[in-house]
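K.L.:
Contents of coords_6.cif (mmCIF, C-alpha atoms and all ligand atoms) are given next:
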data_work
#
loop_
_atom_site.label_atom_id
_atom_site.label_comp_id
_atom_site.auth_asym_id
_atom_site.auth_seq_id
_atom_site.Cartn_x
_atom_site.Cartn_y
_atom_site.Cartn_z
CA MET A 705 0.00 0.00 0.00
CA SER A 706 2.89 2.37 -0.58
CA SER A 707 0.74 4.36 -2.99
CA TYR A 708 -2.29 4.64 -0.69
CA CYS A 709 -1.48 8.33 -0.16
CA ASP A 710 -1.85 8.85 -3.93
CA ILE A 711 -5.10 7.04 -4.56
CA ALA A 712 -7.01 7.48 -1.30
CA PRO A 713 -7.37 11.27 -0.78
CA GLY A 714 -10.73 12.51 -2.03
CA HIS A 715 -12.05 9.00 -2.64
CA GLU A 716 -15.56 8.43 -1.27
CA TRP A 717 -14.51 5.46 0.88
CA HIS A 718 -10.71 5.51 1.02
CA GLY A 719 -10.52 9.28 1.63
CA PRO A 720 -11.92 9.43 5.18
CA TYR A 721 -10.08 6.24 6.17
CA HIS A 722 -6.77 7.58 4.83
CA ASP A 723 -7.26 11.02 6.39
CA THR A 724 -8.40 10.05 9.88
CA GLU A 725 -7.67 6.39 10.60
CA TYR A 726 -4.90 4.76 8.57
CA GLY A 727 -1.70 4.82 10.63
CA PHE A 728 -3.30 6.62 13.59
CA PRO A 729 -3.00 4.99 17.03
CA ILE A 730 -6.10 3.04 18.06
CA GLU A 731 -7.37 3.28 21.60
CA GLY A 732 -9.21 0.43 23.22
CA ASP A 733 -9.55 -3.29 22.68
CA ALA A 734 -12.68 -3.04 20.51
CA GLY A 735 -10.93 -0.74 18.03
CA LEU A 736 -7.80 -2.90 17.86
CA PHE A 737 -9.84 -6.08 17.62
CA GLU A 738 -11.97 -4.57 14.86
CA ARG A 739 -8.92 -3.59 12.83
CA LEU A 740 -7.38 -7.06 13.21
CA ILE A 741 -10.59 -8.77 12.16
CA LEU A 742 -11.11 -6.41 9.20
CA GLU A 743 -7.55 -7.06 8.01
CA ILE A 744 -8.14 -10.81 8.31
CA ASN A 745 -11.36 -10.49 6.33
CA GLN A 746 -9.60 -8.50 3.64
CA ALA A 747 -7.40 -11.48 2.73
CA GLY A 748 -8.04 -12.21 -0.95
CA LEU A 749 -10.32 -9.18 -1.32
CA SER A 750 -9.91 -5.42 -1.68
CA TRP A 751 -9.83 -3.00 1.23
CA LEU A 752 -12.60 -1.08 -0.56
CA THR A 753 -14.89 -4.11 -0.19
CA ILE A 754 -14.16 -4.13 3.54
CA LEU A 755 -14.75 -0.39 3.99
CA LYS A 756 -18.11 -0.67 2.23
CA LYS A 757 -19.14 -3.55 4.47
CA ARG A 758 -17.82 -2.02 7.66
CA GLU A 759 -21.12 -0.96 9.21
CA ALA A 760 -22.57 -4.41 8.52
CA PHE A 761 -19.46 -5.95 10.08
CA ARG A 762 -19.90 -3.83 13.19
CA ALA A 763 -23.51 -4.89 13.57
CA ALA A 764 -22.81 -8.58 12.84
CA TYR A 765 -19.83 -8.69 15.22
CA ARG A 766 -21.56 -6.70 18.00
CA GLU A 767 -19.42 -3.57 17.66
CA PHE A 768 -16.36 -5.82 17.93
CA ASP A 769 -16.73 -6.15 21.68
CA PRO A 770 -14.30 -9.05 22.33
CA GLU A 771 -16.38 -10.29 25.27
CA ARG A 772 -19.49 -10.65 23.14
CA VAL A 773 -17.68 -12.21 20.17
CA ALA A 774 -15.87 -14.65 22.48
CA ARG A 775 -19.29 -15.96 23.54
CA PHE A 776 -20.48 -16.61 19.96
CA GLY A 777 -21.68 -20.18 19.57
CA PRO A 778 -22.89 -22.34 16.66
CA ARG A 779 -26.03 -20.21 16.22
CA ASP A 780 -23.93 -17.07 15.76
CA VAL A 781 -21.66 -18.85 13.28
CA LYS A 782 -24.76 -19.78 11.29
CA ARG A 783 -26.05 -16.20 11.49
CA LEU A 784 -22.70 -14.79 10.32
CA LEU A 785 -22.40 -17.28 7.46
CA GLY A 786 -25.89 -16.22 6.35
CA ASP A 787 -25.22 -12.46 6.53
CA ALA A 788 -24.69 -11.12 3.00
CA GLY A 789 -23.50 -7.79 4.46
CA ILE A 790 -20.21 -9.28 5.64
CA ILE A 791 -17.66 -11.77 4.31
CA ARG A 792 -19.19 -15.21 4.62
CA ASN A 793 -16.14 -17.38 5.04
CA ARG A 794 -16.17 -20.04 7.74
CA LEU A 795 -12.43 -19.84 8.43
CA LYS A 796 -12.60 -16.07 8.85
CA VAL A 797 -15.69 -16.28 11.08
CA GLU A 798 -14.12 -18.95 13.25
CA ALA A 799 -10.85 -16.99 13.42
CA ALA A 800 -12.74 -13.92 14.68
CA ILE A 801 -14.31 -15.92 17.52
CA ALA A 802 -11.05 -17.68 18.45
CA ASN A 803 -9.18 -14.37 18.34
CA ALA A 804 -11.79 -12.69 20.58
CA ARG A 805 -11.13 -15.43 23.14
CA THR A 806 -7.40 -14.79 22.77
CA VAL A 807 -7.96 -11.06 23.43
CA LEU A 808 -9.76 -11.99 26.67
CA ALA A 809 -6.79 -14.18 27.65
CA LEU A 810 -4.39 -11.30 26.90
CA ARG A 811 -6.48 -9.04 29.14
CA LYS A 812 -5.80 -11.45 31.98
CA THR A 813 -2.05 -11.51 31.41
CA HIS A 814 -1.42 -7.95 30.16
CA GLY A 815 -4.50 -5.92 31.11
CA SER A 816 -5.60 -5.35 27.51
CA PHE A 817 -4.82 -6.11 23.87
CA ALA A 818 -2.88 -2.83 23.74
CA GLY A 819 -1.05 -3.85 26.91
CA TRP A 820 0.07 -7.06 25.23
CA LEU A 821 1.22 -5.14 22.14
CA ASP A 822 3.11 -2.66 24.33
CA ALA A 823 4.74 -5.46 26.33
CA HIS A 824 6.15 -6.93 23.11
CA HIS A 825 7.09 -3.70 21.36
CA PHE A 826 10.75 -3.96 22.26
CA VAL A 827 12.96 -7.02 22.08
CA ASP A 828 16.28 -7.66 23.73
CA ALA A 829 18.42 -7.66 20.63
CA THR A 830 21.77 -8.43 22.23
CA ALA A 831 20.92 -12.12 22.16
CA GLN A 832 20.82 -11.92 18.37
CA GLY A 833 24.10 -10.06 18.12
CA ARG A 834 22.41 -6.76 17.32
CA LYS A 835 23.74 -3.55 18.73
CA GLY A 836 21.05 -2.05 20.91
CA ALA A 837 20.01 -3.79 24.10
CA MET A 838 16.35 -3.08 23.41
CA GLU A 839 15.18 -2.58 19.86
CA GLN A 840 11.76 -2.26 18.34
CA ARG A 841 10.39 -5.61 17.29
CA THR A 842 10.79 -6.10 13.54
CA LYS A 843 7.89 -6.95 11.28
CA ALA A 844 9.17 -10.54 10.93
CA GLU A 845 9.34 -10.87 14.72
CA TRP A 846 5.81 -9.51 15.08
CA VAL A 847 4.53 -11.95 12.46
CA ALA A 848 6.10 -14.88 14.32
CA LEU A 849 4.53 -13.69 17.59
CA PHE A 850 1.08 -13.18 16.04
CA LYS A 851 1.20 -16.62 14.40
CA LYS A 852 1.89 -18.16 17.80
CA THR A 853 -0.88 -16.16 19.46
CA PHE A 854 -3.72 -15.55 17.00
CA ARG A 855 -5.47 -17.41 14.23
CA PHE A 856 -5.42 -16.48 10.50
CA THR A 857 -2.52 -14.07 10.95
CA GLY A 858 -0.13 -14.38 8.02
CA GLY A 859 2.59 -11.89 7.17
CA GLU A 860 0.53 -9.56 5.02
CA ILE A 861 -2.35 -9.38 7.50
CA VAL A 862 -0.10 -8.75 10.49
CA GLY A 863 2.00 -6.21 8.58
CA GLU A 864 -1.06 -4.23 7.51
CA PHE A 865 -2.61 -4.41 10.97
CA LEU A 866 0.57 -3.03 12.58
CA LEU A 867 1.05 -0.32 9.93
CA SER A 868 -2.56 0.77 10.11
CA ALA A 869 -2.55 0.92 13.92
CA GLY A 870 0.76 2.79 14.19
CA TYR A 871 2.97 -0.03 15.47
CA LEU A 872 5.16 -0.03 12.35
CA PRO A 873 6.26 3.12 10.49
CA GLY A 874 5.47 3.84 6.87
CA ALA A 875 1.68 3.93 6.57
CA HIS A 876 1.91 7.31 4.83
CA ARG A 877 4.53 8.96 2.70
CA THR A 878 6.46 11.52 4.74
CA SER A 879 5.23 14.17 2.29
CA CYS A 880 1.58 13.21 2.88
CA PRO A 881 -0.35 16.00 4.66
CA VAL A 882 -1.66 13.39 7.12
CA SER A 883 1.85 12.49 8.37
CA PRO A 884 2.28 15.49 10.74
CA ARG A 885 -1.14 14.82 12.27
CA ILE A 886 -0.14 11.23 12.99
CA ILE A 887 3.17 12.30 14.51
CA GLU A 888 1.27 14.60 16.89
CA ARG A 889 -0.56 11.53 18.17
CA LYS A 890 2.74 9.75 18.92
CA PRO A 891 2.12 6.31 17.46
CA ALA A 892 3.96 3.32 18.92
CA TRP A 893 6.62 3.28 16.19
CA MET A 894 7.92 6.64 17.44
CA ARG A 895 8.88 5.23 20.84
CA ALA A 896 12.60 5.26 21.41
CA GLY A 897 14.51 2.13 22.30
CA ILE A 898 16.55 1.87 25.47
CA PRO A 899 20.16 2.53 24.52
CA SER A 900 22.66 -0.08 25.62
ZN ZN B 1001 -1.20 9.52 3.32
#
Now, as a test, write the supplied structure out as structure tokens.
P.N.:
Amino acid sequence: MSSYCDIAPGHEWHGPYHDTEYGFPIEGDAGLFERLILEINQAGLSWLTILKKREAFRAAYREFDPERVARFGPRDVKRLLGDAGIIRNRLKVEAAIANARTVLALRKTHGSFAGWLDAHHFVDATAQGRKGAMEQRTKAEWVALFKKTFRFTGGEIVGEFLLSAGYLPGAHRTSCPVSPRIIERKPAWMRAGIPS
């Protein structure tokens, strides 16, 4: 999506997302969980399709409240697979429910989904022969961690999730007028490492 800044501005659907959401920090578990599930549902489809279906997604997945989605049973799976407003894919539906349960588990260990992300933002790099004692987790390291933790989280999905939520830099071109507004909000990628 390196050219998102070129195609999105002014577009009916991409415009508002580009200008006010893409790359901005997300507060709260429901917002983070929504973004993860939308990125998972995008797999094989266009982001435009997802943006157009977003309100239907929110209704079908109960405003992406992890507690409510974690309780979804067979009747909800049937309801979701019959809802033409969303993406009717059994693997994606089941991944959303399993991942909601994972978010609840992360709340127990780290307080929140964001707390878990923050706890893993830096890695001790000395063990790998890198220079700094604590460095920001690389995309490849994030992907490995997500694969161990969540369902349906391949490299592209995890990379887009982290870019779009401000955990990795590069969502916007530095020359994009949105960039300074994001920097004001101090996304996670701006955090400094602990020098060795
Ligand atoms: Zn941009």
K.L.:
Can you tell me which residues come within 7 Å of ligand ZN 1001 (chain B) when counting only C-alpha atoms and all ligand atoms, ideally as a PyMOL selection string?
P.N.:
chain A and resi 708-709+722-723+876-877+880-883
K.L.:
With only C-alpha atoms as the atoms that count, which of A:Phe826, A:Trp751, A:Phe850, A:Phe737 lies nearest to Ala804 in chain A?
P.N.:
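Smallest separation from Ala804 in chain A among the options: A:Phe737.
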K.L.:
Find the spatial neighbours of range 884-896 of chain A, counting only C-alpha atoms, within a cut-off of 6 Å - ignore same-chain residues fewer than 5 positions away - and output them as a PyMOL selection string.
P.N.:
chain A and resi 728-729+870-873
K.L.:
When distances are computed from only C-alpha atoms, which of A:Arg841, A:His715, A:Arg794, A:Arg779 shows the smallest separation from Leu755 in chain A?
P.N.:
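Of the candidates, the smallest distance to Leu755 in chain A is held by A:His715.
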K.L.:
Tell me, in Å to one decimal, how far CA of Pro720 in chain A is from CA of Arg758 in chain A.
P.N.:
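These two atoms are separated by 13.1 Å.
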K.L.:
Would you please work out which residue, of A:Ile861, A:Ala764, A:Met838, A:Ala844, is nearest to Ala788 in chain A when using only C-alpha atoms?
P.N.:
A:Ala764
K.L.:
Expressed in Å to a single decimal, how great is the separation between CA of Asp780 in chain A and CA of Gly748 in chain A?
P.N.:
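Here the two named atoms are 23.6 Å from each other.
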K.L.:
Give the answer as one residue: which of A:Ser707, A:Thr857, A:Ser879, A:Ile741 has the shortest atom-to-atom distance to Glu767 in chain A, using all atoms listed in the file?
P.N.:
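Looking only at the distances to Glu767 in chain A, the closest residue turns out to be A:Ile741.
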K.L.:
Can you tell me, as number ranges by chain, what residues are no more than 7 Å from Val847 in chain A when counting all atoms listed in the file, ignoring any on the same chain fewer than 4 positions away?
P.N.:
A: 843, 851, 858-859, 862
K.L.:
Could you tell me how far CA of Gln840 in chain A sits from CA of Ala875 in chain A, in Å to one decimal place?
P.N.:
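For CA of Ala875 in chain A relative to CA of Gln840 in chain A, the distance reads 16.7 Å.
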K.L.:
What's the 7 Å shell around Phe768 in chain A, counting all atoms listed in the file, without same-chain residues fewer than 6 positions away, as a ChimeraX atom specification?
P.N.:
/A:734,737-738,762
K.L.:
Dump as number ranges by chain all residues having an atom at most 12 Å from (-3.6, -3.0, 28.7), computed in the file's coordinates with only C-alpha atoms.
P.N.:
A: 731-733, 736, 807-824
K.L.:
Find the residues near range 781-785 of chain A: any atom within 9 Å, counting only C-alpha atoms, skip ones fewer than 6 places away on the same chain, and give them as a list in words.
P.N.:
Ala764, Tyr765, Ile791, Arg792, Asn793, Arg794, Val797, Glu798 and Ile801 of chain A
K.L.:
Which of these residues is nearest to Ile754 in chain A, using all atoms listed in the file: A:Gly863, A:Gly789, A:Gly874, A:Pro778?
P.N.:
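Distance minimum relative to Ile754 in chain A lands on A:Gly789.
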K.L.:
Would you please work out which residue, of A:Trp846, A:Phe776, A:Phe761, A:Trp717, is nearest to Phe865 in chain A when using only C-alpha atoms?
P.N.:
A:Trp846
K.L.:
Step by step: locate range 744-885 of chain A in the block above, keep C-alpha atoms, then write the file as a short mmCIF file (atom, residue, chain, number, x, y, z; two decimals), in the first residue's frame.
P.N.:
data_model
loop_
_atom_site.label_atom_id
_atom_site.label_comp_id
_atom_site.auth_asym_id
_atom_site.auth_seq_id
_atom_site.Cartn_x
_atom_site.Cartn_y
_atom_site.Cartn_z
CA ILE A 744 -8.14 -10.81 8.31
CA ASN A 745 -11.36 -10.49 6.33
CA GLN A 746 -9.60 -8.50 3.64
CA ALA A 747 -7.40 -11.48 2.73
CA GLY A 748 -8.04 -12.21 -0.95
CA LEU A 749 -10.32 -9.18 -1.32
CA SER A 750 -9.91 -5.42 -1.68
CA TRP A 751 -9.83 -3.00 1.23
CA LEU A 752 -12.60 -1.08 -0.56
CA THR A 753 -14.89 -4.11 -0.19
CA ILE A 754 -14.16 -4.13 3.54
CA LEU A 755 -14.75 -0.39 3.99
CA LYS A 756 -18.11 -0.67 2.23
CA LYS A 757 -19.14 -3.55 4.47
CA ARG A 758 -17.82 -2.02 7.66
CA GLU A 759 -21.12 -0.96 9.21
CA ALA A 760 -22.57 -4.41 8.52
CA PHE A 761 -19.46 -5.95 10.08
CA ARG A 762 -19.90 -3.83 13.19
CA ALA A 763 -23.51 -4.89 13.57
CA ALA A 764 -22.81 -8.58 12.84
CA TYR A 765 -19.83 -8.69 15.22
CA ARG A 766 -21.56 -6.70 18.00
CA GLU A 767 -19.42 -3.57 17.66
CA PHE A 768 -16.36 -5.82 17.93
CA ASP A 769 -16.73 -6.15 21.68
CA PRO A 770 -14.30 -9.05 22.33
CA GLU A 771 -16.38 -10.29 25.27
CA ARG A 772 -19.49 -10.65 23.14
CA VAL A 773 -17.68 -12.21 20.17
CA ALA A 774 -15.87 -14.65 22.48
CA ARG A 775 -19.29 -15.96 23.54
CA PHE A 776 -20.48 -16.61 19.96
CA GLY A 777 -21.68 -20.18 19.57
CA PRO A 778 -22.89 -22.34 16.66
CA ARG A 779 -26.03 -20.21 16.22
CA ASP A 780 -23.93 -17.07 15.76
CA VAL A 781 -21.66 -18.85 13.28
CA LYS A 782 -24.76 -19.78 11.29
CA ARG A 783 -26.05 -16.20 11.49
CA LEU A 784 -22.70 -14.79 10.32
CA LEU A 785 -22.40 -17.28 7.46
CA GLY A 786 -25.89 -16.22 6.35
CA ASP A 787 -25.22 -12.46 6.53
CA ALA A 788 -24.69 -11.12 3.00
CA GLY A 789 -23.50 -7.79 4.46
CA ILE A 790 -20.21 -9.28 5.64
CA ILE A 791 -17.66 -11.77 4.31
CA ARG A 792 -19.19 -15.21 4.62
CA ASN A 793 -16.14 -17.38 5.04
CA ARG A 794 -16.17 -20.04 7.74
CA LEU A 795 -12.43 -19.84 8.43
CA LYS A 796 -12.60 -16.07 8.85
CA VAL A 797 -15.69 -16.28 11.08
CA GLU A 798 -14.12 -18.95 13.25
CA ALA A 799 -10.85 -16.99 13.42
CA ALA A 800 -12.74 -13.92 14.68
CA ILE A 801 -14.31 -15.92 17.52
CA ALA A 802 -11.05 -17.68 18.45
CA ASN A 803 -9.18 -14.37 18.34
CA ALA A 804 -11.79 -12.69 20.58
CA ARG A 805 -11.13 -15.43 23.14
CA THR A 806 -7.40 -14.79 22.77
CA VAL A 807 -7.96 -11.06 23.43
CA LEU A 808 -9.76 -11.99 26.67
CA ALA A 809 -6.79 -14.18 27.65
CA LEU A 810 -4.39 -11.30 26.90
CA ARG A 811 -6.48 -9.04 29.14
CA LYS A 812 -5.80 -11.45 31.98
CA THR A 813 -2.05 -11.51 31.41
CA HIS A 814 -1.42 -7.95 30.16
CA GLY A 815 -4.50 -5.92 31.11
CA SER A 816 -5.60 -5.35 27.51
CA PHE A 817 -4.82 -6.11 23.87
CA ALA A 818 -2.88 -2.83 23.74
CA GLY A 819 -1.05 -3.85 26.91
CA TRP A 820 0.07 -7.06 25.23
CA LEU A 821 1.22 -5.14 22.14
CA ASP A 822 3.11 -2.66 24.33
CA ALA A 823 4.74 -5.46 26.33
CA HIS A 824 6.15 -6.93 23.11
CA HIS A 825 7.09 -3.70 21.36
CA PHE A 826 10.75 -3.96 22.26
CA VAL A 827 12.96 -7.02 22.08
CA ASP A 828 16.28 -7.66 23.73
CA ALA A 829 18.42 -7.66 20.63
CA THR A 830 21.77 -8.43 22.23
CA ALA A 831 20.92 -12.12 22.16
CA GLN A 832 20.82 -11.92 18.37
CA GLY A 833 24.10 -10.06 18.12
CA ARG A 834 22.41 -6.76 17.32
CA LYS A 835 23.74 -3.55 18.73
CA GLY A 836 21.05 -2.05 20.91
CA ALA A 837 20.01 -3.79 24.10
CA MET A 838 16.35 -3.08 23.41
CA GLU A 839 15.18 -2.58 19.86
CA GLN A 840 11.76 -2.26 18.34
CA ARG A 841 10.39 -5.61 17.29
CA THR A 842 10.79 -6.10 13.54
CA LYS A 843 7.89 -6.95 11.28
CA ALA A 844 9.17 -10.54 10.93
CA GLU A 845 9.34 -10.87 14.72
CA TRP A 846 5.81 -9.51 15.08
CA VAL A 847 4.53 -11.95 12.46
CA ALA A 848 6.10 -14.88 14.32
CA LEU A 849 4.53 -13.69 17.59
CA PHE A 850 1.08 -13.18 16.04
CA LYS A 851 1.20 -16.62 14.40
CA LYS A 852 1.89 -18.16 17.80
CA THR A 853 -0.88 -16.16 19.46
CA PHE A 854 -3.72 -15.55 17.00
CA ARG A 855 -5.47 -17.41 14.23
CA PHE A 856 -5.42 -16.48 10.50
CA THR A 857 -2.52 -14.07 10.95
CA GLY A 858 -0.13 -14.38 8.02
CA GLY A 859 2.59 -11.89 7.17
CA GLU A 860 0.53 -9.56 5.02
CA ILE A 861 -2.35 -9.38 7.50
CA VAL A 862 -0.10 -8.75 10.49
CA GLY A 863 2.00 -6.21 8.58
CA GLU A 864 -1.06 -4.23 7.51
CA PHE A 865 -2.61 -4.41 10.97
CA LEU A 866 0.57 -3.03 12.58
CA LEU A 867 1.05 -0.32 9.93
CA SER A 868 -2.56 0.77 10.11
CA ALA A 869 -2.55 0.92 13.92
CA GLY A 870 0.76 2.79 14.19
CA TYR A 871 2.97 -0.03 15.47
CA LEU A 872 5.16 -0.03 12.35
CA PRO A 873 6.26 3.12 10.49
CA GLY A 874 5.47 3.84 6.87
CA ALA A 875 1.68 3.93 6.57
CA HIS A 876 1.91 7.31 4.83
CA ARG A 877 4.53 8.96 2.70
CA THR A 878 6.46 11.52 4.74
CA SER A 879 5.23 14.17 2.29
CA CYS A 880 1.58 13.21 2.88
CA PRO A 881 -0.35 16.00 4.66
CA VAL A 882 -1.66 13.39 7.12
CA SER A 883 1.85 12.49 8.37
CA PRO A 884 2.28 15.49 10.74
CA ARG A 885 -1.14 14.82 12.27
#
